[in-house]
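J.: Take a look at the following structure, please.
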Amino acid sequence: MIEDDRYCIDIANQLMAVQSLIKKADVTILQGHLRHCVKDACMSENPEEKIEEFNKVLEKILSK
């Protein structure tokens, strides 16, 4: 789009759409991780590592 000298607002709208899709993909991946890996880790004797790992990723996503 940039090489085609498209209107700046069109480019900005396209970028926002892509960012929205990436954010949705992040949520979907984390939901699966929470349902499986974190759930299994919480049932183990030492769930803290997986919980901390999940929290770090969640903080990164929320700070975007």
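Going through the structure tokens in order, the chains are called A, B, and so on, while each chain numbers its residues from 1 and the ligands are numbered from 1 in the order shown.
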Tell me, as a list in words, which residues lie within 8 Å of range 48-53 of chain A, counting only C-alpha atoms; anything in the same chain fewer than 5 positions away does not count.
T.: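 Within the cut-off, the hits are Cys37, Val38, Ala41 and Cys42 of chain A.
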J.: Can you write just those residues out, N, CA and C atoms, as a PDB file, in the first residue's frame?
T.:
ATOM      1  N   CYS A  37      -2.159 -25.971  29.700  1.00  0.00           N
ATOM      2  CA  CYS A  37      -0.869 -25.947  30.406  1.00  0.00           C
ATOM      3  C   CYS A  37      -0.982 -25.402  31.826  1.00  0.00           C
ATOM      4  N   VAL A  38      -1.630 -24.265  31.969  1.00  0.00           N
ATOM      5  CA  VAL A  38      -1.723 -23.659  33.304  1.00  0.00           C
ATOM      6  C   VAL A  38      -2.619 -24.504  34.199  1.00  0.00           C
ATOM      7  N   ALA A  41      -0.598 -27.395  35.309  1.00  0.00           N
ATOM      8  CA  ALA A  41       0.428 -26.942  36.259  1.00  0.00           C
ATOM      9  C   ALA A  41      -0.182 -26.664  37.624  1.00  0.00           C
ATOM     10  N   CYS A  42      -1.386 -26.115  37.652  1.00  0.00           N
ATOM     11  CA  CYS A  42      -2.044 -25.819  38.929  1.00  0.00           C
ATOM     12  C   CYS A  42      -2.405 -27.095  39.683  1.00  0.00           C
TER      13      CYS A  42
END
J.: Could you tell me how far CA of Lys23 in chain A sits from CA of Ile9 in chain A, in Å to one decimal place?
T.: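 Going from CA of Ile9 in chain A over to CA of Lys23 in chain A, I get 20.9 Å.
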J.: Which is closer to Leu30 in chain A than all the others in A:Asn13, A:Asn46, A:Ser63, A:Asn55, using only C-alpha atoms?
T.: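 Distance minimum relative to Leu30 in chain A lands on A:Asn55.
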J.: Which residue, A:Ile61, A:Leu34, A:Ile2, A:Cys8, has the smallest gap to Ile22 in chain A when you use only C-alpha atoms?
T.: A:Ile61
J.: Work out how far CA of Gln31 in chain A is from CA of Lys56 in chain A, in Å to one decimal.
T.: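 So the two atoms, CA of Lys56 in chain A and CA of Gln31 in chain A, lie 14.6 Å apart.
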J.: Work out how far CA of His36 in chain A is from CA of Glu59 in chain A, in Å to one decimal.
T.: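 For CA of Glu59 in chain A relative to CA of His36 in chain A, the distance reads 19.7 Å.
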